[in-house]
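Pasted below: my_file_7.pdb, PDB, C-alpha atoms.
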```pdb
ATOM      1  CA  MET Y  10      -7.951   6.186   6.628  1.00  0.00           C
ATOM      2  CA  ALA Y  11     -10.790   8.293   7.991  1.00  0.00           C
ATOM      3  CA  VAL Y  12     -11.513   7.878  11.665  1.00  0.00           C
ATOM      4  CA  PRO Y  13     -15.180   7.086  12.434  1.00  0.00           C
ATOM      5  CA  ALA Y  14     -16.825   9.601  14.761  1.00  0.00           C
ATOM      6  CA  SER Y  15     -18.742   6.974  16.769  1.00  0.00           C
ATOM      7  CA  ARG Y  16     -16.722   5.490  19.630  1.00  0.00           C
ATOM      8  CA  ASN Y  17     -18.287   2.024  19.171  1.00  0.00           C
ATOM      9  CA  LEU Y  18     -17.635   2.079  15.426  1.00  0.00           C
ATOM     10  CA  ARG Y  19     -14.030   3.161  16.076  1.00  0.00           C
ATOM     11  CA  ILE Y  20     -13.508   0.285  18.519  1.00  0.00           C
ATOM     12  CA  THR Y  21     -15.141  -2.240  16.162  1.00  0.00           C
ATOM     13  CA  THR Y  22     -13.066  -0.961  13.224  1.00  0.00           C
ATOM     14  CA  GLY Y  23      -9.928  -1.057  15.359  1.00  0.00           C
ATOM     15  CA  VAL Y  24     -10.568  -4.646  16.471  1.00  0.00           C
ATOM     16  CA  LEU Y  25     -11.198  -5.760  12.878  1.00  0.00           C
ATOM     17  CA  LEU Y  26      -8.031  -3.999  11.667  1.00  0.00           C
ATOM     18  CA  LEU Y  27      -6.041  -5.516  14.526  1.00  0.00           C
ATOM     19  CA  LEU Y  28      -7.329  -9.032  13.761  1.00  0.00           C
ATOM     20  CA  GLY Y  29      -6.672  -8.538  10.054  1.00  0.00           C
ATOM     21  CA  GLY Y  30      -3.161  -7.283  10.797  1.00  0.00           C
ATOM     22  CA  LEU Y  31      -2.415 -10.230  13.081  1.00  0.00           C
ATOM     23  CA  ALA Y  32      -3.735 -12.670  10.453  1.00  0.00           C
ATOM     24  CA  ALA Y  33      -1.568 -11.021   7.779  1.00  0.00           C
ATOM     25  CA  ILE Y  34       1.517 -11.360   9.986  1.00  0.00           C
ATOM     26  CA  VAL Y  35       0.748 -14.964  10.981  1.00  0.00           C
ATOM     27  CA  PHE Y  36      -0.023 -15.930   7.360  1.00  0.00           C
ATOM     28  CA  PRO Y  37       2.207 -13.575   5.344  1.00  0.00           C
ATOM     29  CA  PHE Y  38       2.235 -15.676   2.173  1.00  0.00           C
ATOM     30  CA  ILE Y  39      -1.567 -15.823   2.006  1.00  0.00           C
ATOM     31  CA  SER Y  40      -1.905 -12.111   2.740  1.00  0.00           C
ATOM     32  CA  ALA Y  41       0.762 -11.242   0.133  1.00  0.00           C
ATOM     33  CA  LEU Y  42      -1.132 -13.255  -2.477  1.00  0.00           C
ATOM     34  CA  ALA Y  43      -4.407 -11.617  -1.426  1.00  0.00           C
ATOM     35  CA  VAL Y  44      -2.867  -8.146  -1.763  1.00  0.00           C
ATOM     36  CA  THR Y  45      -1.428  -9.100  -5.150  1.00  0.00           C
ATOM     37  CA  ILE Y  46      -4.739 -10.476  -6.408  1.00  0.00           C
ATOM     38  CA  GLY Y  47      -6.517  -7.370  -5.119  1.00  0.00           C
ATOM     39  CA  PHE Y  48      -4.018  -5.210  -6.981  1.00  0.00           C
ATOM     40  CA  GLY Y  49      -4.645  -7.217 -10.156  1.00  0.00           C
ATOM     41  CA  ALA Y  50      -8.410  -6.847  -9.792  1.00  0.00           C
ATOM     42  CA  VAL Y  51      -8.110  -3.084  -9.323  1.00  0.00           C
ATOM     43  CA  ALA Y  52      -5.829  -2.816 -12.386  1.00  0.00           C
ATOM     44  CA  LEU Y  53      -8.319  -4.840 -14.426  1.00  0.00           C
ATOM     45  CA  ALA Y  54     -11.189  -2.584 -13.299  1.00  0.00           C
ATOM     46  CA  ALA Y  55      -9.129   0.499 -14.187  1.00  0.00           C
ATOM     47  CA  GLY Y  56      -8.492  -0.968 -17.639  1.00  0.00           C
ATOM     48  CA  VAL Y  57     -12.203  -1.538 -18.222  1.00  0.00           C
ATOM     49  CA  SER Y  58     -12.893   2.012 -17.010  1.00  0.00           C
ATOM     50  CA  GLN Y  59     -10.314   3.477 -19.407  1.00  0.00           C
ATOM     51  CA  LEU Y  60     -11.708   1.374 -22.241  1.00  0.00           C
ATOM     52  CA  LEU Y  61     -15.205   2.715 -21.563  1.00  0.00           C
ATOM     53  CA  ARG Y  62     -13.847   6.283 -21.654  1.00  0.00           C
ATOM     54  CA  VAL Y  63     -12.137   5.960 -25.059  1.00  0.00           C
ATOM     55  CA  GLY Y  64     -15.185   7.334 -26.877  1.00  0.00           C
ATOM     56  CA  ALA Y  65     -15.368  10.378 -24.620  1.00  0.00           C
ATOM     57  CA  ALA Y  66     -11.980  11.704 -25.749  1.00  0.00           C
ATOM     58  CA  ALA Y  67     -12.264  14.783 -27.976  1.00  0.00           C
ATOM     59  CA  ASP Y  68      -9.489  14.045 -30.444  1.00  0.00           C
ATOM     60  CA  GLY Y  69      -7.575  11.132 -31.921  1.00  0.00           C
ATOM     61  CA  ARG Y  70      -4.629  11.602 -29.573  1.00  0.00           C
ATOM     62  CA  GLY Y  71      -6.886  11.455 -26.529  1.00  0.00           C
ATOM     63  CA  LYS Y  72      -8.566   8.305 -27.854  1.00  0.00           C
ATOM     64  CA  ALA Y  73      -5.186   6.694 -28.546  1.00  0.00           C
ATOM     65  CA  PHE Y  74      -3.897   7.585 -25.079  1.00  0.00           C
ATOM     66  CA  ARG Y  75      -6.961   6.160 -23.331  1.00  0.00           C
ATOM     67  CA  LEU Y  76      -6.872   3.026 -25.487  1.00  0.00           C
ATOM     68  CA  LEU Y  77      -3.161   2.491 -24.742  1.00  0.00           C
ATOM     69  CA  SER Y  78      -3.783   3.149 -21.045  1.00  0.00           C
ATOM     70  CA  ALA Y  79      -6.688   0.679 -21.067  1.00  0.00           C
ATOM     71  CA  LEU Y  80      -4.585  -1.988 -22.753  1.00  0.00           C
ATOM     72  CA  LEU Y  81      -1.738  -1.513 -20.253  1.00  0.00           C
ATOM     73  CA  TYR Y  82      -4.091  -1.767 -17.277  1.00  0.00           C
ATOM     74  CA  LEU Y  83      -5.922  -4.764 -18.759  1.00  0.00           C
ATOM     75  CA  GLY Y  84      -2.681  -6.532 -19.670  1.00  0.00           C
ATOM     76  CA  GLY Y  85      -1.085  -5.835 -16.307  1.00  0.00           C
ATOM     77  CA  GLY Y  86      -4.214  -6.806 -14.381  1.00  0.00           C
ATOM     78  CA  LEU Y  87      -4.608 -10.038 -16.335  1.00  0.00           C
ATOM     79  CA  PHE Y  88      -0.942 -10.915 -15.838  1.00  0.00           C
ATOM     80  CA  VAL Y  89      -1.210 -10.343 -12.091  1.00  0.00           C
ATOM     81  CA  LEU Y  90      -4.384 -12.429 -11.851  1.00  0.00           C
ATOM     82  CA  LEU Y  91      -3.024 -15.248 -14.012  1.00  0.00           C
ATOM     83  CA  PHE Y  92       0.422 -15.315 -12.370  1.00  0.00           C
ATOM     84  CA  PRO Y  93      -0.051 -14.041  -8.805  1.00  0.00           C
ATOM     85  CA  LEU Y  94       3.122 -15.621  -7.399  1.00  0.00           C
ATOM     86  CA  ASP Y  95       5.366 -14.074 -10.059  1.00  0.00           C
ATOM     87  CA  SER Y  96       3.561 -10.773  -9.572  1.00  0.00           C
ATOM     88  CA  THR Y  97       4.146 -10.924  -5.825  1.00  0.00           C
ATOM     89  CA  PHE Y  98       7.903 -10.946  -6.510  1.00  0.00           C
ATOM     90  CA  SER Y  99       7.601  -7.826  -8.680  1.00  0.00           C
ATOM     91  CA  LEU Y 100       5.363  -6.009  -6.220  1.00  0.00           C
ATOM     92  CA  THR Y 101       7.732  -6.786  -3.345  1.00  0.00           C
ATOM     93  CA  LEU Y 102      10.608  -5.226  -5.302  1.00  0.00           C
ATOM     94  CA  PHE Y 103       8.417  -2.200  -6.029  1.00  0.00           C
ATOM     95  CA  ILE Y 104       7.450  -1.870  -2.344  1.00  0.00           C
ATOM     96  CA  GLY Y 105      11.118  -2.007  -1.280  1.00  0.00           C
ATOM     97  CA  ALA Y 106      12.033   0.764  -3.727  1.00  0.00           C
ATOM     98  CA  LEU Y 107       8.979   2.776  -2.704  1.00  0.00           C
ATOM     99  CA  LEU Y 108       9.940   2.541   0.988  1.00  0.00           C
ATOM    100  CA  VAL Y 109      13.481   3.756   0.288  1.00  0.00           C
ATOM    101  CA  ILE Y 110      12.174   6.703  -1.759  1.00  0.00           C
ATOM    102  CA  GLU Y 111       9.581   7.549   0.907  1.00  0.00           C
ATOM    103  CA  GLY Y 112      12.269   7.390   3.595  1.00  0.00           C
ATOM    104  CA  VAL Y 113      14.562   9.721   1.659  1.00  0.00           C
ATOM    105  CA  MET Y 114      11.668  12.154   1.197  1.00  0.00           C
ATOM    106  CA  GLU Y 115      10.969  12.065   4.951  1.00  0.00           C
ATOM    107  CA  LEU Y 116      14.666  12.725   5.674  1.00  0.00           C
ATOM    108  CA  ALA Y 117      14.633  15.667   3.259  1.00  0.00           C
ATOM    109  CA  SER Y 118      11.501  16.989   4.944  1.00  0.00           C
ATOM    110  CA  ALA Y 119      13.115  16.689   8.374  1.00  0.00           C
ATOM    111  CA  ALA Y 120      16.223  18.492   7.134  1.00  0.00           C
ATOM    112  CA  SER Y 121      14.224  21.357   5.669  1.00  0.00           C
ATOM    113  CA  HIS Y 122      11.943  22.001   8.656  1.00  0.00           C
ATOM    114  CA  ASN Y 123      12.679  23.072  12.184  1.00  0.00           C
ATOM    115  CA  ASP Y 124       9.381  22.417  13.944  1.00  0.00           C
ATOM    116  CA  ALA Y 125       8.338  20.302  16.919  1.00  0.00           C
ATOM    117  CA  ALA Y 126       7.692  17.174  14.810  1.00  0.00           C
ATOM    118  CA  ARG Y 127      11.097  17.295  13.103  1.00  0.00           C
ATOM    119  CA  ASN Y 128      12.592  14.514  15.228  1.00  0.00           C
ATOM    120  CA  LEU Y 129       9.606  12.230  14.618  1.00  0.00           C
ATOM    121  CA  VAL Y 130       9.851  12.836  10.871  1.00  0.00           C
ATOM    122  CA  LEU Y 131      13.589  12.116  11.040  1.00  0.00           C
ATOM    123  CA  VAL Y 132      13.024   8.826  12.913  1.00  0.00           C
ATOM    124  CA  ASP Y 133      10.237   7.912  10.467  1.00  0.00           C
ATOM    125  CA  GLY Y 134      12.571   8.565   7.528  1.00  0.00           C
ATOM    126  CA  VAL Y 135      15.406   6.486   8.972  1.00  0.00           C
ATOM    127  CA  ILE Y 136      13.130   3.544   9.825  1.00  0.00           C
ATOM    128  CA  THR Y 137      11.388   3.679   6.433  1.00  0.00           C
ATOM    129  CA  CYS Y 138      14.740   3.754   4.604  1.00  0.00           C
ATOM    130  CA  LEU Y 139      16.004   0.832   6.674  1.00  0.00           C
ATOM    131  CA  LEU Y 140      12.854  -1.230   6.021  1.00  0.00           C
ATOM    132  CA  GLY Y 141      13.061  -0.537   2.290  1.00  0.00           C
ATOM    133  CA  GLY Y 142      16.764  -1.333   2.291  1.00  0.00           C
ATOM    134  CA  LEU Y 143      16.154  -4.623   4.093  1.00  0.00           C
ATOM    135  CA  VAL Y 144      13.443  -5.609   1.603  1.00  0.00           C
ATOM    136  CA  LEU Y 145      15.702  -4.752  -1.355  1.00  0.00           C
ATOM    137  CA  ALA Y 146      18.790  -6.408   0.150  1.00  0.00           C
ATOM    138  CA  GLU Y 147      16.960  -9.684   0.741  1.00  0.00           C
ATOM    139  CA  TRP Y 148      14.871  -9.658  -2.446  1.00  0.00           C
ATOM    140  CA  PRO Y 149      13.778 -12.069  -3.916  1.00  0.00           C
ATOM    141  CA  SER Y 150      14.173 -14.423  -0.948  1.00  0.00           C
ATOM    142  CA  ASP Y 151      12.041 -12.186   1.297  1.00  0.00           C
ATOM    143  CA  THR Y 152       9.109 -12.073  -1.137  1.00  0.00           C
ATOM    144  CA  LEU Y 153       7.144 -14.797   0.629  1.00  0.00           C
ATOM    145  CA  TRP Y 154       6.935 -12.894   3.891  1.00  0.00           C
ATOM    146  CA  ALA Y 155       7.798  -9.213   3.357  1.00  0.00           C
ATOM    147  CA  MET Y 156       4.713  -7.884   1.605  1.00  0.00           C
ATOM    148  CA  GLY Y 157       2.259  -9.763   3.828  1.00  0.00           C
ATOM    149  CA  THR Y 158       4.089  -8.774   6.993  1.00  0.00           C
ATOM    150  CA  LEU Y 159       4.335  -5.105   5.976  1.00  0.00           C
ATOM    151  CA  PHE Y 160       0.631  -5.113   5.087  1.00  0.00           C
ATOM    152  CA  GLY Y 161      -0.173  -6.624   8.492  1.00  0.00           C
ATOM    153  CA  VAL Y 162       1.907  -4.046  10.334  1.00  0.00           C
ATOM    154  CA  ALA Y 163       0.173  -1.245   8.417  1.00  0.00           C
ATOM    155  CA  LEU Y 164      -3.232  -2.647   9.414  1.00  0.00           C
ATOM    156  CA  MET Y 165      -2.162  -2.874  13.054  1.00  0.00           C
ATOM    157  CA  ILE Y 166      -0.888   0.720  13.062  1.00  0.00           C
ATOM    158  CA  SER Y 167      -4.268   1.823  11.706  1.00  0.00           C
ATOM    159  CA  ALA Y 168      -5.954  -0.211  14.457  1.00  0.00           C
ATOM    160  CA  PHE Y 169      -3.899   1.496  17.171  1.00  0.00           C
ATOM    161  CA  ARG Y 170      -4.791   4.849  15.635  1.00  0.00           C
ATOM    162  CA  MET Y 171      -8.479   3.946  15.934  1.00  0.00           C
ATOM    163  CA  PHE Y 172      -8.009   2.960  19.576  1.00  0.00           C
ATOM    164  CA  SER Y 173      -6.009   6.061  20.485  1.00  0.00           C
ATOM    165  CA  THR Y 174      -8.246   8.655  18.827  1.00  0.00           C
ATOM    166  CA  SER Y 175     -10.400  10.492  21.332  1.00  0.00           C
ATOM    167  CA  ASP Y 176     -14.007  11.469  20.599  1.00  0.00           C
ATOM    168  CA  GLY Y 177     -13.014  15.088  19.918  1.00  0.00           C
ATOM    169  CA  ASP Y 178     -10.208  14.022  17.562  1.00  0.00           C
ATOM    170  CA  ALA Y 179     -12.555  11.713  15.634  1.00  0.00           C
ATOM    171  CA  ALA Y 180     -15.122  14.482  15.125  1.00  0.00           C
ATOM    172  CA  ALA Y 181     -12.392  16.810  13.847  1.00  0.00           C
ATOM    173  CA  ALA Y 182     -10.918  14.110  11.547  1.00  0.00           C
ATOM    174  CA  GLY Y 183     -14.305  13.084  10.103  1.00  0.00           C
TER     175      GLY Y 183
END
```
Taking this structure as input, can you express it in the form of structure tokens?
Amino acid sequence: MAVPASRNLRITTGVLLLLGGLAAIVFPFISALAVTIGFGAVALAAGVSQLLRVGAAADGRGKAFRLLSALLYLGGGLFVLLFPLDSTFSLTLFIGALLVIEGVMELASAASHNDAARNLVLVDGVITCLLGGLVLAEWPSDTLWAMGTLFGVALMISAFRMFSTSDGDAAAAG
């Protein structure tokens, strides 16, 4: 997430992210469903986009690929929107696996580098692996809280980043 250069905009953005993160943690089921429905809407939009691009493909293979891609996006998006609770279970499983893979990649990165941030990358990898492992070990019973809670924590981390970025850092990041 880009950091706004204006101090007031950074503080406002941080407060909104913090409030959104707290709401997601307090109401994890609602936030998990909202994330799932948002995912379905994005998949549906991607399917429409791919469908509109079918004619732009130069050859028959390209047209077939875009049509198949469009149908997969449209089908997946419709399924998610029609059955958001079932989709939340699937997405939670996906998030758990994704966290484990991300954690392993961070551990590999820490093992292959010997710089000042190595220990932070190592800690990040261990924590990410543990979080993913916990989600997978408790799946599907953790579905109703895990995705919403993880989304809320991610929003809060972004909020703290907004609060901790100095004016010089924000200008460099923007």
*Given the PyMOL selection byres ((chain Y and resi 71-75) around 12), the residues it picks as a ChimeraX atom specification*: /Y:55-70,76-83
*Within 7 Å of region 139-141 of chain Y, counting only C-alpha atoms, which residues show up once you throw out same-chain ones fewer than 6 positions away? Write them as a VMD selection string, please.*
chain Y and resid 105 to 106 108 to 109
Output C-alpha atoms of each residue in that selection to a file, as a compact mmCIF listing (two decimals), keeping the file's coordinate frame.
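Saved the output as out-v1.txt:
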```txt
# COMPACT_ATOMS: atom_id res chain seq x y z
CA GLY Y 105 11.12 -2.01 -1.28
CA ALA Y 106 12.03 0.76 -3.73
CA LEU Y 108 9.94 2.54 0.99
CA VAL Y 109 13.48 3.76 0.29
```
Applying the PyMOL selection byres ((chain Y and resi 134) around 9) to the file I just gave you, which residues come out? Please list them as a JSON list (two decimals) with C-alpha atoms, in the frame of the given file.
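This is the output file selection27.json:
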```json
[["chain", "number", "residue", "atom", "x", "y", "z"],
["Y", 109, "VAL", "CA", 13.48, 3.76, 0.29],
["Y", 111, "GLU", "CA", 9.58, 7.55, 0.91],
["Y", 112, "GLY", "CA", 12.27, 7.39, 3.60],
["Y", 113, "VAL", "CA", 14.56, 9.72, 1.66],
["Y", 114, "MET", "CA", 11.67, 12.15, 1.20],
["Y", 115, "GLU", "CA", 10.97, 12.06, 4.95],
["Y", 116, "LEU", "CA", 14.67, 12.72, 5.67],
["Y", 117, "ALA", "CA", 14.63, 15.67, 3.26],
["Y", 118, "SER", "CA", 11.50, 16.99, 4.94],
["Y", 119, "ALA", "CA", 13.12, 16.69, 8.37],
["Y", 129, "LEU", "CA", 9.61, 12.23, 14.62],
["Y", 130, "VAL", "CA", 9.85, 12.84, 10.87],
["Y", 131, "LEU", "CA", 13.59, 12.12, 11.04],
["Y", 132, "VAL", "CA", 13.02, 8.83, 12.91],
["Y", 133, "ASP", "CA", 10.24, 7.91, 10.47],
["Y", 135, "VAL", "CA", 15.41, 6.49, 8.97],
["Y", 136, "ILE", "CA", 13.13, 3.54, 9.82],
["Y", 137, "THR", "CA", 11.39, 3.68, 6.43],
["Y", 138, "CYS", "CA", 14.74, 3.75, 4.60],
["Y", 139, "LEU", "CA", 16.00, 0.83, 6.67]]
```
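Between CA of Ala163 (chain Y) and CA of Leu28 (chain Y) lies a distance of 12.1 Å.
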On this file, the PyMOL selection byres ((chain Y and resi 149) around 12) gives some set of residues; write that set as an mmCIF file with C-alpha atoms, in the frame of the given file.
```
data_model
loop_
_atom_site.group_PDB
_atom_site.id
_atom_site.type_symbol
_atom_site.label_atom_id
_atom_site.label_comp_id
_atom_site.auth_asym_id
_atom_site.auth_seq_id
_atom_site.Cartn_x
_atom_site.Cartn_y
_atom_site.Cartn_z
ATOM 1 C CA LEU Y 94 3.122 -15.621 -7.399
ATOM 2 C CA ASP Y 95 5.366 -14.074 -10.059
ATOM 3 C CA SER Y 96 3.561 -10.773 -9.572
ATOM 4 C CA THR Y 97 4.146 -10.924 -5.825
ATOM 5 C CA PHE Y 98 7.903 -10.946 -6.510
ATOM 6 C CA SER Y 99 7.601 -7.826 -8.680
ATOM 7 C CA LEU Y 100 5.363 -6.009 -6.220
ATOM 8 C CA THR Y 101 7.732 -6.786 -3.345
ATOM 9 C CA LEU Y 102 10.608 -5.226 -5.302
ATOM 10 C CA PHE Y 103 8.417 -2.200 -6.029
ATOM 11 C CA GLY Y 105 11.118 -2.007 -1.280
ATOM 12 C CA LEU Y 143 16.154 -4.623 4.093
ATOM 13 C CA VAL Y 144 13.443 -5.609 1.603
ATOM 14 C CA LEU Y 145 15.702 -4.752 -1.355
ATOM 15 C CA ALA Y 146 18.790 -6.408 0.150
ATOM 16 C CA GLU Y 147 16.960 -9.684 0.741
ATOM 17 C CA TRP Y 148 14.871 -9.658 -2.446
ATOM 18 C CA SER Y 150 14.173 -14.423 -0.948
ATOM 19 C CA ASP Y 151 12.041 -12.186 1.297
ATOM 20 C CA THR Y 152 9.109 -12.073 -1.137
ATOM 21 C CA LEU Y 153 7.144 -14.797 0.629
ATOM 22 C CA TRP Y 154 6.935 -12.894 3.891
ATOM 23 C CA ALA Y 155 7.798 -9.213 3.357
ATOM 24 C CA MET Y 156 4.713 -7.884 1.605
#
```
*Rounded to one decimal place, report the CA of Met165 (chain Y)-CA of Ala33 (chain Y) distance in Å.*
9.7 Å
